[in-house]
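Structure file input-v5.txt (compact mmCIF, C-alpha atoms and all ligand atoms) is printed below.
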# COMPACT_ATOMS: atom_id res chain seq x y z
CA MET A 28 136.76 140.44 213.81
CA LYS A 29 139.64 140.56 216.26
CA VAL A 30 142.98 139.74 214.70
CA VAL A 31 145.54 138.10 216.98
CA SER A 32 148.87 139.83 216.51
CA GLU A 33 151.60 137.65 215.04
CA ASN A 34 153.89 139.25 217.64
CA CYS A 35 152.03 137.46 220.43
CA LYS A 36 151.39 134.09 218.80
CA ASP A 37 153.96 132.39 221.04
CA LEU A 38 156.75 133.29 223.42
CA ARG A 39 159.41 133.17 220.71
CA ALA A 40 157.46 135.63 218.52
CA LEU A 41 157.02 137.92 221.51
CA TYR A 42 160.72 137.64 222.33
CA VAL A 43 161.72 138.62 218.76
CA HIS A 44 159.22 141.49 218.82
CA GLN A 45 160.66 142.80 222.11
CA LEU A 46 164.19 142.60 220.71
CA ARG A 47 163.10 144.64 217.69
CA MET A 48 161.59 147.30 219.96
CA LEU A 49 164.81 147.53 221.91
CA LEU A 50 166.89 147.88 218.76
CA SER A 51 164.76 150.77 217.55
CA ALA A 52 165.07 152.44 220.94
CA GLU A 53 168.86 152.03 220.98
CA GLU A 54 169.18 153.35 217.42
CA GLN A 55 167.21 156.47 218.34
CA LEU A 56 169.45 156.94 221.37
CA ILE A 57 172.61 156.84 219.26
CA ARG A 58 171.24 159.88 217.39
CA SER A 59 170.08 161.63 220.56
CA LEU A 60 173.03 161.18 222.96
CA PRO A 61 175.46 163.52 221.09
CA ASP A 62 172.82 166.29 221.36
CA MET A 63 172.44 165.59 225.06
CA ALA A 64 176.24 165.75 225.49
CA ASN A 65 176.36 169.09 223.66
CA TRP A 66 173.46 170.51 225.66
CA ALA A 67 174.94 169.43 229.01
CA VAL A 68 176.85 172.15 230.86
CA ASP A 69 178.56 170.01 233.50
CA GLU A 70 181.75 168.33 232.27
CA GLU A 71 181.20 165.04 234.07
CA LEU A 72 177.68 164.85 232.63
CA GLN A 73 179.00 165.60 229.12
CA GLN A 74 181.54 162.77 229.43
CA MET A 75 178.90 160.42 230.79
CA PHE A 76 176.72 161.02 227.70
CA TRP A 77 179.65 160.54 225.29
CA SER A 78 180.78 157.31 226.93
CA HIS A 79 177.23 155.96 227.06
CA GLN A 80 176.88 156.79 223.38
CA GLN A 81 179.79 154.44 222.64
CA GLU A 82 178.19 151.81 224.85
CA THR A 83 174.88 152.30 223.06
CA GLU A 84 176.56 151.59 219.70
CA LEU A 85 177.72 148.34 221.25
CA HIS A 86 174.17 147.62 222.44
CA VAL A 87 172.90 148.01 218.88
CA THR A 88 175.46 145.57 217.54
CA ARG A 89 174.14 143.08 220.12
CA LEU A 90 170.55 143.34 218.91
CA ILE A 91 168.28 142.90 215.77
CA LYS A 92 165.19 145.84 214.76
CA CYS A 93 161.90 148.09 216.20
CA LYS A 94 159.86 151.08 217.82
CA ALA A 95 159.53 153.05 221.15
CA MET A 96 161.41 155.78 223.06
CA HIS A 97 160.47 158.44 220.49
CA ALA A 98 158.31 160.30 223.02
CA LEU A 99 161.07 160.20 225.63
CA ILE A 100 163.55 161.74 223.20
CA GLU A 101 161.15 164.52 222.14
CA GLU A 102 160.57 165.25 225.80
CA VAL A 103 164.32 165.90 226.27
CA GLU A 104 164.30 168.57 223.57
CA ASP A 105 161.34 170.36 225.16
CA LEU A 106 162.87 170.25 228.63
CA VAL A 107 166.20 171.67 227.46
CA GLN A 108 164.57 174.50 225.54
CA ASP A 109 162.56 175.54 228.59
CA ALA A 110 165.50 175.56 231.03
CA ARG A 111 166.93 179.04 231.70
CA ASP A 112 169.51 178.01 234.27
CA ALA A 113 172.62 175.91 233.47
CA CYS A 114 172.23 173.55 236.42
CA VAL A 115 168.49 173.24 235.94
CA LYS A 116 169.19 172.35 232.29
CA ASP A 117 171.56 169.57 233.40
CA ALA A 118 169.05 168.40 236.00
CA ALA A 119 166.44 168.19 233.22
CA LEU A 120 168.85 166.20 231.00
CA ILE A 121 169.55 163.78 233.85
CA ALA A 122 165.84 163.37 234.54
CA ALA A 123 165.19 162.47 230.90
CA ALA A 124 168.27 160.22 230.63
CA GLN A 125 167.32 158.28 233.76
CA ARG A 126 163.85 157.61 232.34
CA VAL A 127 165.50 156.17 229.25
CA GLU A 128 167.85 153.99 231.32
CA HIS A 129 164.94 152.68 233.37
CA TYR A 130 163.03 151.88 230.19
CA GLU A 131 166.08 149.95 228.97
CA ILE A 132 166.56 148.19 232.32
CA GLY A 133 162.93 147.01 232.29
CA ALA A 134 163.05 145.93 228.64
CA TYR A 135 166.43 144.14 228.83
CA GLY A 136 165.36 142.37 232.05
CA THR A 137 162.30 141.04 230.23
CA VAL A 138 164.06 139.85 227.06
CA ARG A 139 166.88 138.27 229.07
CA GLN A 140 164.25 136.26 230.95
CA PHE A 141 162.52 135.26 227.68
CA ALA A 142 165.89 134.19 226.24
CA TRP A 143 166.57 131.95 229.26
CA VAL A 144 163.13 130.33 229.13
CA LEU A 145 163.53 129.73 225.36
CA GLY A 146 166.92 128.10 225.89
CA GLU A 147 168.72 130.93 224.07
CA ASN A 148 171.56 130.89 226.57
CA ALA A 149 174.16 132.78 224.54
CA ALA A 150 171.63 135.56 223.81
CA ALA A 151 170.63 135.63 227.49
CA GLU A 152 174.26 136.19 228.50
CA VAL A 153 174.75 139.04 226.01
CA LEU A 154 171.45 140.66 227.03
CA ASP A 155 172.53 140.36 230.66
CA MET A 156 175.78 142.17 229.82
CA THR A 157 173.86 145.07 228.29
CA LEU A 158 171.43 145.10 231.22
CA LYS A 159 174.35 145.54 233.63
CA GLU A 160 175.75 148.43 231.55
CA GLU A 161 172.35 150.18 231.58
CA GLY A 162 172.26 149.73 235.36
CA GLN A 163 175.75 151.20 235.65
CA ALA A 164 174.79 154.18 233.44
CA ASP A 165 171.78 154.84 235.68
CA HIS A 166 174.02 154.58 238.75
CA VAL A 167 176.49 157.17 237.34
CA LEU A 168 173.60 159.52 236.50
CA THR A 169 172.31 159.21 240.06
CA SER A 170 175.68 160.18 241.50
CA ILE A 171 176.01 163.18 239.13
CA ALA A 172 172.42 164.20 239.98
CA LYS A 173 173.25 164.35 243.70
CA ARG A 174 175.74 167.14 242.94
CA ILE A 175 173.84 168.90 240.12
CA ASN A 176 170.49 169.03 241.90
CA VAL A 177 171.97 170.84 244.88
CA ASP A 178 173.57 173.37 242.51
CA ALA A 179 170.32 173.65 240.54
CA LYS A 180 168.47 174.54 243.71
CA HIS A 181 170.75 177.55 244.30
CA ALA A 182 171.91 178.51 240.80
CA HIS A 183 171.06 181.79 239.07
CA THR A 184 173.33 181.58 236.00
CA THR A 185 171.64 182.00 232.67
CA VAL A 186 172.29 179.84 229.62
CA ALA A 187 171.94 181.00 226.05
FE FE B 1 171.50 150.76 225.71
FE FE B 2 171.35 153.15 228.11

Show the structure stored in the file as C-alpha cells.
Ligand SMILES: [Fe+2]
Ligand SMILES: [Fe+2]
Amino acid sequence: MKVVSENCKDLRALYVHQLRMLLSAEEQLIRSLPDMANWAVDEELQQMFWSHQQETELHVTRLIKCKAMHALIEEVEDLVQDARDACVKDAALIAAAQRVEHYEIGAYGTVRQFAWVLGENAAAEVLDMTLKEEGQADHVLTSIAKRINVDAKHAHTTVA
C-alpha cells in the first residue's frame, strides 16, 4: 500500500517541510564554514567564509528544522584533501561553496514563493532577505574565483 507523505498533503505542509530542510542545511553549514575558512589559503576567500558564517547564523535564526546538504559538505572535505596546490585547493573550496549557495538560492526561491501564495507575507519578506544574501555570497565567490582560477592554472606551490 502506498502511503502519502504527510509532508505533501497540502501546500502548507510542503512549505513547512521545505523550511525544515533549509534549517538543517544552514545548521550544517555553520559547522562547516569555519573549516572552509581555515582550509582556504587566499585571504579574501578566508574573510568571505568567515563573514558568510555570521550571515548563516542569521539565516538559522530566521528559520525553523530539517535534512540535506550533507553530501555537499562531505564532498568539500574530499576535494580539499586531494588538492596539492594552494590555488587549486582554493578553487576546489570555491567550487564546493558555490554549489551550496546555488542549492540555497533554489531552495529559498521556492519557499519564498510558497510563503507568498500562502499569504505568509512577513515570512516571504524575511526569506527574500536571506535569498538576496545567498545571491550576494555567490556573487562574491564568482569574483574571487576569477582571480584564483587564473592563479590555479599556473601555480606550482605545494600545501601541507
Ligand atoms: Fe544561508
Ligand atoms: Fe549561503

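If one restricts the calculation to only C-alpha atoms and all ligand atoms, the set of residues situated within 9 Å of ligand FE 2 (chain B) consists of Glu53, Leu56, His79, Gln80, Glu82, Thr83, His86, Ala124, Gln125, Val127, Glu128, His129, Tyr130, Glu131, Ile132, Thr157, Leu158, Glu160, Glu161, Gly162, Gln163, Ala164 and Asp165 of chain A.
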
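The closest residue to ligand FE 1 (chain B), picked from A:Lys159, A:His44, A:Lys116, A:Arg139 and counting only C-alpha atoms and all ligand atoms, is A:Lys159.
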
Give me the residues within 12 Å of A:Leu46 as a short mmCIF file (atom, residue, chain, number, x, y, z; two decimals) with C-alpha atoms, keeping the file's coordinate frame, counting all atoms listed in the file and dropping any in the same chain fewer than 2 places off.
data_model
loop_
_atom_site.label_atom_id
_atom_site.label_comp_id
_atom_site.auth_asym_id
_atom_site.auth_seq_id
_atom_site.Cartn_x
_atom_site.Cartn_y
_atom_site.Cartn_z
CA ASN A 34 153.89 139.25 217.64
CA ARG A 39 159.41 133.17 220.71
CA ALA A 40 157.46 135.63 218.52
CA LEU A 41 157.02 137.92 221.51
CA TYR A 42 160.72 137.64 222.33
CA VAL A 43 161.72 138.62 218.76
CA HIS A 44 159.22 141.49 218.82
CA MET A 48 161.59 147.30 219.96
CA LEU A 49 164.81 147.53 221.91
CA LEU A 50 166.89 147.88 218.76
CA SER A 51 164.76 150.77 217.55
CA ALA A 52 165.07 152.44 220.94
CA GLU A 53 168.86 152.03 220.98
CA HIS A 86 174.17 147.62 222.44
CA VAL A 87 172.90 148.01 218.88
CA ARG A 89 174.14 143.08 220.12
CA LEU A 90 170.55 143.34 218.91
CA ILE A 91 168.28 142.90 215.77
CA LYS A 92 165.19 145.84 214.76
CA CYS A 93 161.90 148.09 216.20
CA LYS A 94 159.86 151.08 217.82
CA ALA A 95 159.53 153.05 221.15
CA GLU A 131 166.08 149.95 228.97
CA ALA A 134 163.05 145.93 228.64
CA TYR A 135 166.43 144.14 228.83
CA GLY A 136 165.36 142.37 232.05
CA THR A 137 162.30 141.04 230.23
CA VAL A 138 164.06 139.85 227.06
CA ARG A 139 166.88 138.27 229.07
CA PHE A 141 162.52 135.26 227.68
CA ALA A 142 165.89 134.19 226.24
CA ALA A 150 171.63 135.56 223.81
CA ALA A 151 170.63 135.63 227.49
CA LEU A 154 171.45 140.66 227.03
#

Next item on the list: Name the residues in contact with stretch 107-109 of chain A at a cut-off of 8 Å, using all atoms listed in the file, excluding same-chain residues fewer than 3 positions from it; report them as a PyMOL selection string.
Entry: chain A and resi 66+103-104+116+119-120

Note to self: Please report the interatomic distance between atom CA of A:Met156 and atom CA of A:Ser59 in Å with one decimal.
What the structure shows: 22.3 Å

Notebook entry, point to check: atom CA of A:Asp105 and atom CA of A:Ile57 are how many Å apart?
Noted result: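 Distance reported for this atom pair: 18.6 Å.
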
Note to self: Between atom CA of A:Asp62 and atom CA of A:Glu84, what distance in Å does the model show, to one decimal?
What the structure shows: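 Taking atom CA of A:Asp62 as the start and atom CA of A:Glu84 as the end point, the length is 15.3 Å.
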
Next item on the list: Go through A:Met75, A:Met63, A:Ala110, A:Leu85 one by one, measure the shortest atom-to-atom distance of each to A:Thr169 using all atoms listed in the file, and give the residue with the smallest value.
Entry: A:Met75

Next item on the list: Go through A:Ile175, A:Leu38, A:Leu60, A:Ala149 and flag the residue nearest ligand FE 1 (chain B), using only C-alpha atoms and all ligand atoms for the distances.
Entry: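 Closest residue, counting only C-alpha atoms and all ligand atoms: A:Leu60.
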
Margin query: When you count all atoms listed in the file, which of these residues is closest to ligand FE 1 (chain B): A:Asp178, A:Asp117, A:Asp155, A:Glu102?
Written below: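 Closest to ligand FE 1 (chain B) of all the choices is A:Asp155.
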
Next item on the list: Determine the nearest neighbour of A:Ala64 from the options A:Val153, A:Asp37, A:Ile121, A:Gly146, counting all atoms listed in the file.
Entry: A:Ile121

Grab all the atoms of stretch 48-61 of chain A that the file lists, wrap them in a box along x, y and z, add 8 Å per side, and give me centre plus edge lengths in Å (one decimal) as AutoDock Vina command-line options.
--center_x 168.5 --center_y 155.4 --center_z 220.2 --size_x 29.9 --size_y 32.2 --size_z 21.6

How would stretch 142-153 of chain A look with all heavy atoms restored, written as a PDB file, in the coordinates of the input?
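Now in out-v6.pdb:
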ATOM      1  N   ALA A 142     164.799 134.944 226.867  1.00  0.00           N
ATOM      2  CA  ALA A 142     165.890 134.190 226.240  1.00  0.00           C
ATOM      3  C   ALA A 142     166.237 132.947 227.071  1.00  0.00           C
ATOM      4  O   ALA A 142     166.427 131.858 226.520  1.00  0.00           O
ATOM      5  CB  ALA A 142     167.117 135.086 226.073  1.00  0.00           C
ATOM      6  N   TRP A 143     166.280 133.095 228.373  1.00  0.00           N
ATOM      7  CA  TRP A 143     166.570 131.950 229.260  1.00  0.00           C
ATOM      8  C   TRP A 143     165.514 130.864 229.111  1.00  0.00           C
ATOM      9  O   TRP A 143     165.820 129.696 228.929  1.00  0.00           O
ATOM     10  CB  TRP A 143     166.648 132.395 230.721  1.00  0.00           C
ATOM     11  CG  TRP A 143     168.035 132.777 231.148  1.00  0.00           C
ATOM     12  CD1 TRP A 143     169.205 132.292 230.650  1.00  0.00           C
ATOM     13  CD2 TRP A 143     168.391 133.737 232.158  1.00  0.00           C
ATOM     14  NE1 TRP A 143     170.277 132.901 231.280  1.00  0.00           N
ATOM     15  CE2 TRP A 143     169.803 133.775 232.207  1.00  0.00           C
ATOM     16  CE3 TRP A 143     167.662 134.560 233.015  1.00  0.00           C
ATOM     17  CZ2 TRP A 143     170.506 134.597 233.080  1.00  0.00           C
ATOM     18  CZ3 TRP A 143     168.355 135.378 233.900  1.00  0.00           C
ATOM     19  CH2 TRP A 143     169.755 135.414 233.929  1.00  0.00           C
ATOM     20  N   VAL A 144     164.236 131.288 229.196  1.00  0.00           N
ATOM     21  CA  VAL A 144     163.130 130.330 229.130  1.00  0.00           C
ATOM     22  C   VAL A 144     163.131 129.599 227.789  1.00  0.00           C
ATOM     23  O   VAL A 144     162.833 128.404 227.711  1.00  0.00           O
ATOM     24  CB  VAL A 144     161.779 131.053 229.371  1.00  0.00           C
ATOM     25  CG1 VAL A 144     160.590 130.150 229.024  1.00  0.00           C
ATOM     26  CG2 VAL A 144     161.681 131.514 230.823  1.00  0.00           C
ATOM     27  N   LEU A 145     163.525 130.318 226.698  1.00  0.00           N
ATOM     28  CA  LEU A 145     163.530 129.730 225.360  1.00  0.00           C
ATOM     29  C   LEU A 145     164.799 128.918 225.086  1.00  0.00           C
ATOM     30  O   LEU A 145     164.986 128.400 223.983  1.00  0.00           O
ATOM     31  CB  LEU A 145     163.372 130.829 224.306  1.00  0.00           C
ATOM     32  CG  LEU A 145     161.992 131.505 224.282  1.00  0.00           C
ATOM     33  CD1 LEU A 145     162.039 132.793 223.474  1.00  0.00           C
ATOM     34  CD2 LEU A 145     160.927 130.564 223.729  1.00  0.00           C
ATOM     35  N   GLY A 146     165.675 128.847 226.073  1.00  0.00           N
ATOM     36  CA  GLY A 146     166.920 128.100 225.890  1.00  0.00           C
ATOM     37  C   GLY A 146     167.944 128.819 225.027  1.00  0.00           C
ATOM     38  O   GLY A 146     168.896 128.218 224.533  1.00  0.00           O
ATOM     39  N   GLU A 147     167.755 130.130 224.835  1.00  0.00           N
ATOM     40  CA  GLU A 147     168.720 130.930 224.070  1.00  0.00           C
ATOM     41  C   GLU A 147     169.790 131.442 225.031  1.00  0.00           C
ATOM     42  O   GLU A 147     169.850 132.633 225.362  1.00  0.00           O
ATOM     43  CB  GLU A 147     168.008 132.112 223.390  1.00  0.00           C
ATOM     44  CG  GLU A 147     166.898 131.730 222.430  1.00  0.00           C
ATOM     45  CD  GLU A 147     167.447 131.274 221.085  1.00  0.00           C
ATOM     46  OE1 GLU A 147     168.632 131.454 220.808  1.00  0.00           O
ATOM     47  OE2 GLU A 147     166.638 130.724 220.307  1.00  0.00           O
ATOM     48  N   ASN A 148     170.650 130.534 225.482  1.00  0.00           N
ATOM     49  CA  ASN A 148     171.560 130.890 226.570  1.00  0.00           C
ATOM     50  C   ASN A 148     172.616 131.917 226.186  1.00  0.00           C
ATOM     51  O   ASN A 148     172.938 132.803 226.981  1.00  0.00           O
ATOM     52  CB  ASN A 148     172.234 129.626 227.122  1.00  0.00           C
ATOM     53  CG  ASN A 148     171.220 128.688 227.765  1.00  0.00           C
ATOM     54  OD1 ASN A 148     170.113 129.114 228.123  1.00  0.00           O
ATOM     55  ND2 ASN A 148     171.571 127.426 227.899  1.00  0.00           N
ATOM     56  N   ALA A 149     173.146 131.817 224.972  1.00  0.00           N
ATOM     57  CA  ALA A 149     174.160 132.780 224.540  1.00  0.00           C
ATOM     58  C   ALA A 149     173.544 134.177 224.451  1.00  0.00           C
ATOM     59  O   ALA A 149     174.138 135.165 224.900  1.00  0.00           O
ATOM     60  CB  ALA A 149     174.742 132.372 223.194  1.00  0.00           C
ATOM     61  N   ALA A 150     172.326 134.268 223.897  1.00  0.00           N
ATOM     62  CA  ALA A 150     171.630 135.560 223.810  1.00  0.00           C
ATOM     63  C   ALA A 150     171.347 136.094 225.214  1.00  0.00           C
ATOM     64  O   ALA A 150     171.529 137.286 225.480  1.00  0.00           O
ATOM     65  CB  ALA A 150     170.324 135.397 223.036  1.00  0.00           C
ATOM     66  N   ALA A 151     170.933 135.204 226.120  1.00  0.00           N
ATOM     67  CA  ALA A 151     170.630 135.630 227.490  1.00  0.00           C
ATOM     68  C   ALA A 151     171.860 136.257 228.148  1.00  0.00           C
ATOM     69  O   ALA A 151     171.763 137.272 228.839  1.00  0.00           O
ATOM     70  CB  ALA A 151     170.141 134.445 228.313  1.00  0.00           C
ATOM     71  N   GLU A 152     173.030 135.663 227.903  1.00  0.00           N
ATOM     72  CA  GLU A 152     174.260 136.190 228.500  1.00  0.00           C
ATOM     73  C   GLU A 152     174.603 137.576 227.950  1.00  0.00           C
ATOM     74  O   GLU A 152     175.000 138.478 228.688  1.00  0.00           O
ATOM     75  CB  GLU A 152     175.426 135.239 228.250  1.00  0.00           C
ATOM     76  CG  GLU A 152     175.511 134.181 229.338  1.00  0.00           C
ATOM     77  CD  GLU A 152     176.564 133.127 229.055  1.00  0.00           C
ATOM     78  OE1 GLU A 152     177.643 133.491 228.540  1.00  0.00           O
ATOM     79  OE2 GLU A 152     176.283 131.948 229.346  1.00  0.00           O
ATOM     80  N   VAL A 153     174.458 137.747 226.637  1.00  0.00           N
ATOM     81  CA  VAL A 153     174.750 139.040 226.010  1.00  0.00           C
ATOM     82  C   VAL A 153     173.755 140.099 226.475  1.00  0.00           C
ATOM     83  O   VAL A 153     174.135 141.239 226.779  1.00  0.00           O
ATOM     84  CB  VAL A 153     174.720 138.882 224.464  1.00  0.00           C
ATOM     85  CG1 VAL A 153     174.619 140.224 223.782  1.00  0.00           C
ATOM     86  CG2 VAL A 153     175.964 138.141 223.993  1.00  0.00           C
TER      87      VAL A 153
END
